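J.: Can you keep this structure in mind? I'll have questions shortly.
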Amino acid sequence: MPADKRAEVRKVLLITLVLNVFVMALKAVVGILTGSLSLQADALHSVTDSANNVLGLVANRFSSPHPDREHPYGHQKFEAVGALGIAAFLGIACFEILKGTIERIVNGLTPIKIAAPELWLLLIVLGVNIFVTFYERNVGKRVGSAILIADAQHTMSDVWVTITVLLGLIGIWQGEVWNLPQLQWLDVILAFPVALLVFRSGWEVLKDNLPWLVDEVAIAPEAIQVIVMQVPGVINCHDIASRGVLGRQVFLEMHLIVDAKDVETAHQITEAVEDRLEERFHPVRVLIHVEPPAYESDQITF
């Protein structure tokens, strides 16, 4: 049975929520003051950071690993559902960024006024985002939390977005110094890679969590068979299936042919198989169907 580490995940989500609200406010204020489209788009991206934390707290509330009568396999897929919600938020943010950029191109440029204090504020924002990314990722990997890892990926995309926007605004700032008004186009041009980075982040979150929701194979059946065949008393192991996520929770089932003439001996062999698999793939729940010694099958999986 996997340990319930939701309290630690909840603590991380609350800390990052406060930091993300702070970052969002700074970006929004500077974006409105300067009129920067790319920075306003970046602020919109940060709105999804805060929304993701709230979504993560909701998913965390319902994602207990412990089974109950209504959910005999536990509730951990709620985390994957929450991660898909993050992917949806990222898709909406990408659409809004592209929409605003195209409108700016069609309706004409609005001059951007940027000064050194605003750039320093963005450097503070960048530092906060970098801290949040590594903090969430490290804790997420340690406790096996899909929602923290997904949110760290999202925040990492925010880091690259902020770097891109910051470089563009530095270029516009220098354009004002050197009287190069054409550099105002940097703000519009850089909004497109910002949108692509947001989309890529959403795709990564989707790709990481869909296999869990659609019960994709968790462990190669050949690898399971090799381990099981090393247990004394096992004659054959076939029709192997697995689902879940390795390191979070895996469910295994298989048919087993054992060298036993009574139920007690067969039970002892299956217990040894379960112990061996638990040692190798913890946490794992194993379901074994025992068949008579005369039964033959070379079908490793379904």
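Residues are referred to by chain and number: the chain letter is A, B, ... according to the order shown in the structure tokens, the number counts from 1 in that chain, and ligands are numbered separately from 1 in the order shown.
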Residues of range 157-215 of chain A that have any atom at most 12 Å from an atom of range 24-33 of chain A: could you tabulate them with the shortest-distance atom pair and the distance in Å to one decimal, using only C-alpha atoms, ordered by chain and increasing number, as CSV?

T.:
```
residue,atom,partner,partner_atom,distance
A:Asp158,CA,A:Met24,CA,10.8
A:Val161,CA,A:Lys27,CA,11.8
A:Thr162,CA,A:Lys27,CA,9.4
A:Val165,CA,A:Gly31,CA,10.6
A:Leu166,CA,A:Lys27,CA,11.0
A:Leu169,CA,A:Gly31,CA,10.6
A:Asp187,CA,A:Gly31,CA,11.3
```

J.: For the residues in the current selection, export all heavy atoms as a PDB file, in the first residue's frame.

T.:
```pdb
ATOM      1  N   ASP A 158       6.898  28.684 -17.730  1.00  0.00           N
ATOM      2  CA  ASP A 158       6.758  30.082 -17.347  1.00  0.00           C
ATOM      3  C   ASP A 158       8.126  30.750 -17.236  1.00  0.00           C
ATOM      4  O   ASP A 158       8.285  31.937 -17.566  1.00  0.00           O
ATOM      5  CB  ASP A 158       6.014  30.164 -16.014  1.00  0.00           C
ATOM      6  CG  ASP A 158       5.214  31.447 -15.875  1.00  0.00           C
ATOM      7  OD1 ASP A 158       4.857  32.025 -16.913  1.00  0.00           O
ATOM      8  OD2 ASP A 158       4.945  31.866 -14.738  1.00  0.00           O
ATOM      9  N   VAL A 161       9.219  31.467 -20.752  1.00  0.00           N
ATOM     10  CA  VAL A 161       8.389  32.557 -21.264  1.00  0.00           C
ATOM     11  C   VAL A 161       8.887  33.887 -20.707  1.00  0.00           C
ATOM     12  O   VAL A 161       9.050  34.863 -21.457  1.00  0.00           O
ATOM     13  CB  VAL A 161       6.901  32.335 -20.886  1.00  0.00           C
ATOM     14  CG1 VAL A 161       6.093  33.597 -21.130  1.00  0.00           C
ATOM     15  CG2 VAL A 161       6.313  31.184 -21.680  1.00  0.00           C
ATOM     16  N   THR A 162       9.148  33.942 -19.417  1.00  0.00           N
ATOM     17  CA  THR A 162       9.597  35.188 -18.787  1.00  0.00           C
ATOM     18  C   THR A 162      10.962  35.611 -19.327  1.00  0.00           C
ATOM     19  O   THR A 162      11.208  36.805 -19.563  1.00  0.00           O
ATOM     20  CB  THR A 162       9.659  35.025 -17.256  1.00  0.00           C
ATOM     21  OG1 THR A 162       8.364  34.646 -16.774  1.00  0.00           O
ATOM     22  CG2 THR A 162      10.076  36.321 -16.582  1.00  0.00           C
ATOM     23  N   VAL A 165      10.326  37.056 -22.824  1.00  0.00           N
ATOM     24  CA  VAL A 165       9.713  38.376 -22.725  1.00  0.00           C
ATOM     25  C   VAL A 165      10.720  39.400 -22.228  1.00  0.00           C
ATOM     26  O   VAL A 165      10.796  40.530 -22.738  1.00  0.00           O
ATOM     27  CB  VAL A 165       8.488  38.324 -21.794  1.00  0.00           C
ATOM     28  CG1 VAL A 165       7.970  39.726 -21.491  1.00  0.00           C
ATOM     29  CG2 VAL A 165       7.384  37.482 -22.409  1.00  0.00           C
ATOM     30  N   LEU A 166      11.517  39.017 -21.239  1.00  0.00           N
ATOM     31  CA  LEU A 166      12.515  39.933 -20.665  1.00  0.00           C
ATOM     32  C   LEU A 166      13.542  40.350 -21.716  1.00  0.00           C
ATOM     33  O   LEU A 166      13.892  41.538 -21.811  1.00  0.00           O
ATOM     34  CB  LEU A 166      13.205  39.254 -19.483  1.00  0.00           C
ATOM     35  CG  LEU A 166      14.212  40.083 -18.677  1.00  0.00           C
ATOM     36  CD1 LEU A 166      13.542  41.317 -18.104  1.00  0.00           C
ATOM     37  CD2 LEU A 166      14.820  39.240 -17.563  1.00  0.00           C
ATOM     38  N   LEU A 169      11.885  42.859 -24.040  1.00  0.00           N
ATOM     39  CA  LEU A 169      11.715  44.182 -23.437  1.00  0.00           C
ATOM     40  C   LEU A 169      13.051  44.910 -23.281  1.00  0.00           C
ATOM     41  O   LEU A 169      13.123  46.138 -23.397  1.00  0.00           O
ATOM     42  CB  LEU A 169      11.028  44.033 -22.075  1.00  0.00           C
ATOM     43  CG  LEU A 169       9.563  43.587 -22.134  1.00  0.00           C
ATOM     44  CD1 LEU A 169       9.009  43.401 -20.728  1.00  0.00           C
ATOM     45  CD2 LEU A 169       8.718  44.576 -22.922  1.00  0.00           C
ATOM     46  N   ASP A 187       8.124  42.884 -29.363  1.00  0.00           N
ATOM     47  CA  ASP A 187       7.083  42.460 -28.422  1.00  0.00           C
ATOM     48  C   ASP A 187       6.069  41.534 -29.083  1.00  0.00           C
ATOM     49  O   ASP A 187       5.670  40.519 -28.516  1.00  0.00           O
ATOM     50  CB  ASP A 187       6.377  43.699 -27.858  1.00  0.00           C
ATOM     51  CG  ASP A 187       5.388  43.353 -26.765  1.00  0.00           C
ATOM     52  OD1 ASP A 187       5.809  42.724 -25.783  1.00  0.00           O
ATOM     53  OD2 ASP A 187       4.206  43.709 -26.906  1.00  0.00           O
TER      54      ASP A 187
END
```

J.: Need to verify the contact set: range 229-246 of chain A, 6 Å, only C-alpha atoms, exclusion of same-chain residues closer than 6 positions in sequence. Can you return it as a list in words?

T.: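 These residues fall inside the cut-off: Trp212, Asp215, Glu216, Val217, Ala218, Pro221, Leu252, Glu253, Met254, His255, Leu256, Ile257, Val258, Asp259, Gln299, Ile300, Thr301 and Phe302 of chain A.
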
J.: Find the distance between CA of Asp49 in chain A and CA of Asn107 in chain A and write it in Å to one decimal.

T.: 29.5 Å

J.: Which of range 136-268 of chain A end up as strand (DSSP E or B) when DSSP is run on this backbone - answer as a list in words?

T.: Val234, Ile235, Asn236, Cys237, His238, Asp239, Ile240, Ala241, Ser242, Arg243, Gly244, Val245, Gln249, Val250, Phe251, Leu252, Glu253, Met254, His255, Leu256, Ile257 and Val258 of chain A

J.: Dump N, CA, C and O atoms for the selected residues as a PDB file, in the first residue's frame?

T.:
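Okay, selection.pdb is ready:
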```
ATOM      1  N   VAL A 234       7.857 -22.355  -9.212  1.00  0.00           N
ATOM      2  CA  VAL A 234       7.106 -21.820 -10.354  1.00  0.00           C
ATOM      3  C   VAL A 234       7.489 -22.593 -11.612  1.00  0.00           C
ATOM      4  O   VAL A 234       8.669 -22.712 -11.950  1.00  0.00           O
ATOM      5  N   ILE A 235       6.481 -23.120 -12.295  1.00  0.00           N
ATOM      6  CA  ILE A 235       6.708 -23.850 -13.542  1.00  0.00           C
ATOM      7  C   ILE A 235       6.529 -22.929 -14.746  1.00  0.00           C
ATOM      8  O   ILE A 235       7.314 -22.955 -15.690  1.00  0.00           O
ATOM      9  N   ASN A 236       5.496 -22.093 -14.680  1.00  0.00           N
ATOM     10  CA  ASN A 236       5.206 -21.215 -15.811  1.00  0.00           C
ATOM     11  C   ASN A 236       4.410 -19.999 -15.336  1.00  0.00           C
ATOM     12  O   ASN A 236       3.659 -20.075 -14.368  1.00  0.00           O
ATOM     13  N   CYS A 237       4.616 -18.878 -16.017  1.00  0.00           N
ATOM     14  CA  CYS A 237       3.892 -17.637 -15.728  1.00  0.00           C
ATOM     15  C   CYS A 237       3.422 -17.061 -17.055  1.00  0.00           C
ATOM     16  O   CYS A 237       4.224 -16.841 -17.961  1.00  0.00           O
ATOM     17  N   HIS A 238       2.123 -16.842 -17.210  1.00  0.00           N
ATOM     18  CA  HIS A 238       1.606 -16.366 -18.491  1.00  0.00           C
ATOM     19  C   HIS A 238       0.382 -15.469 -18.279  1.00  0.00           C
ATOM     20  O   HIS A 238      -0.044 -15.239 -17.144  1.00  0.00           O
ATOM     21  N   ASP A 239      -0.161 -14.958 -19.391  1.00  0.00           N
ATOM     22  CA  ASP A 239      -1.297 -14.024 -19.358  1.00  0.00           C
ATOM     23  C   ASP A 239      -1.051 -12.908 -18.338  1.00  0.00           C
ATOM     24  O   ASP A 239      -1.869 -12.637 -17.447  1.00  0.00           O
ATOM     25  N   ILE A 240       0.086 -12.232 -18.497  1.00  0.00           N
ATOM     26  CA  ILE A 240       0.500 -11.189 -17.557  1.00  0.00           C
ATOM     27  C   ILE A 240      -0.050  -9.835 -18.019  1.00  0.00           C
ATOM     28  O   ILE A 240       0.025  -9.490 -19.195  1.00  0.00           O
ATOM     29  N   ALA A 241      -0.595  -9.084 -17.089  1.00  0.00           N
ATOM     30  CA  ALA A 241      -1.080  -7.734 -17.393  1.00  0.00           C
ATOM     31  C   ALA A 241      -0.691  -6.797 -16.255  1.00  0.00           C
ATOM     32  O   ALA A 241      -0.625  -7.203 -15.093  1.00  0.00           O
ATOM     33  N   SER A 242      -0.425  -5.554 -16.586  1.00  0.00           N
ATOM     34  CA  SER A 242      -0.098  -4.559 -15.565  1.00  0.00           C
ATOM     35  C   SER A 242      -0.665  -3.205 -15.976  1.00  0.00           C
ATOM     36  O   SER A 242      -0.837  -2.919 -17.151  1.00  0.00           O
ATOM     37  N   ARG A 243      -0.949  -2.402 -14.992  1.00  0.00           N
ATOM     38  CA  ARG A 243      -1.404  -1.031 -15.231  1.00  0.00           C
ATOM     39  C   ARG A 243      -0.997  -0.170 -14.047  1.00  0.00           C
ATOM     40  O   ARG A 243      -0.559  -0.690 -13.014  1.00  0.00           O
ATOM     41  N   GLY A 244      -1.147   1.124 -14.189  1.00  0.00           N
ATOM     42  CA  GLY A 244      -0.722   2.054 -13.151  1.00  0.00           C
ATOM     43  C   GLY A 244       0.540   2.781 -13.558  1.00  0.00           C
ATOM     44  O   GLY A 244       0.887   2.843 -14.740  1.00  0.00           O
ATOM     45  N   VAL A 245       1.236   3.348 -12.592  1.00  0.00           N
ATOM     46  CA  VAL A 245       2.479   4.083 -12.840  1.00  0.00           C
ATOM     47  C   VAL A 245       3.545   3.565 -11.891  1.00  0.00           C
ATOM     48  O   VAL A 245       3.347   3.558 -10.673  1.00  0.00           O
ATOM     49  N   GLN A 249       1.848   3.592  -8.068  1.00  0.00           N
ATOM     50  CA  GLN A 249       1.030   2.429  -7.745  1.00  0.00           C
ATOM     51  C   GLN A 249       0.880   1.575  -8.997  1.00  0.00           C
ATOM     52  O   GLN A 249       0.512   2.080 -10.056  1.00  0.00           O
ATOM     53  N   VAL A 250       1.195   0.284  -8.886  1.00  0.00           N
ATOM     54  CA  VAL A 250       1.077  -0.650 -10.005  1.00  0.00           C
ATOM     55  C   VAL A 250       0.161  -1.791  -9.596  1.00  0.00           C
ATOM     56  O   VAL A 250       0.242  -2.287  -8.473  1.00  0.00           O
ATOM     57  N   PHE A 251      -0.701  -2.197 -10.525  1.00  0.00           N
ATOM     58  CA  PHE A 251      -1.558  -3.354 -10.329  1.00  0.00           C
ATOM     59  C   PHE A 251      -1.134  -4.432 -11.325  1.00  0.00           C
ATOM     60  O   PHE A 251      -1.060  -4.170 -12.529  1.00  0.00           O
ATOM     61  N   LEU A 252      -0.846  -5.631 -10.812  1.00  0.00           N
ATOM     62  CA  LEU A 252      -0.400  -6.741 -11.657  1.00  0.00           C
ATOM     63  C   LEU A 252      -1.374  -7.902 -11.543  1.00  0.00           C
ATOM     64  O   LEU A 252      -1.915  -8.171 -10.459  1.00  0.00           O
ATOM     65  N   GLU A 253      -1.570  -8.603 -12.644  1.00  0.00           N
ATOM     66  CA  GLU A 253      -2.319  -9.849 -12.592  1.00  0.00           C
ATOM     67  C   GLU A 253      -1.668 -10.841 -13.545  1.00  0.00           C
ATOM     68  O   GLU A 253      -1.061 -10.444 -14.554  1.00  0.00           O
ATOM     69  N   MET A 254      -1.768 -12.115 -13.205  1.00  0.00           N
ATOM     70  CA  MET A 254      -1.110 -13.138 -14.022  1.00  0.00           C
ATOM     71  C   MET A 254      -1.705 -14.506 -13.725  1.00  0.00           C
ATOM     72  O   MET A 254      -2.379 -14.700 -12.696  1.00  0.00           O
ATOM     73  N   HIS A 255      -1.451 -15.456 -14.631  1.00  0.00           N
ATOM     74  CA  HIS A 255      -1.772 -16.860 -14.404  1.00  0.00           C
ATOM     75  C   HIS A 255      -0.466 -17.566 -14.069  1.00  0.00           C
ATOM     76  O   HIS A 255       0.565 -17.325 -14.713  1.00  0.00           O
ATOM     77  N   LEU A 256      -0.520 -18.434 -13.064  1.00  0.00           N
ATOM     78  CA  LEU A 256       0.697 -19.061 -12.567  1.00  0.00           C
ATOM     79  C   LEU A 256       0.509 -20.574 -12.479  1.00  0.00           C
ATOM     80  O   LEU A 256      -0.505 -21.056 -11.981  1.00  0.00           O
ATOM     81  N   ILE A 257       1.481 -21.305 -13.002  1.00  0.00           N
ATOM     82  CA  ILE A 257       1.506 -22.766 -12.867  1.00  0.00           C
ATOM     83  C   ILE A 257       2.601 -23.098 -11.867  1.00  0.00           C
ATOM     84  O   ILE A 257       3.761 -22.713 -12.055  1.00  0.00           O
ATOM     85  N   VAL A 258       2.227 -23.794 -10.800  1.00  0.00           N
ATOM     86  CA  VAL A 258       3.186 -24.065  -9.730  1.00  0.00           C
ATOM     87  C   VAL A 258       3.343 -25.571  -9.512  1.00  0.00           C
ATOM     88  O   VAL A 258       2.447 -26.362  -9.807  1.00  0.00           O
TER      89      VAL A 258
END
```

J.: Output as a count of residues only all residues of range 38-193 of chain A that backbone DSSP marks as helix (DSSP H, G or I).

T.: 129
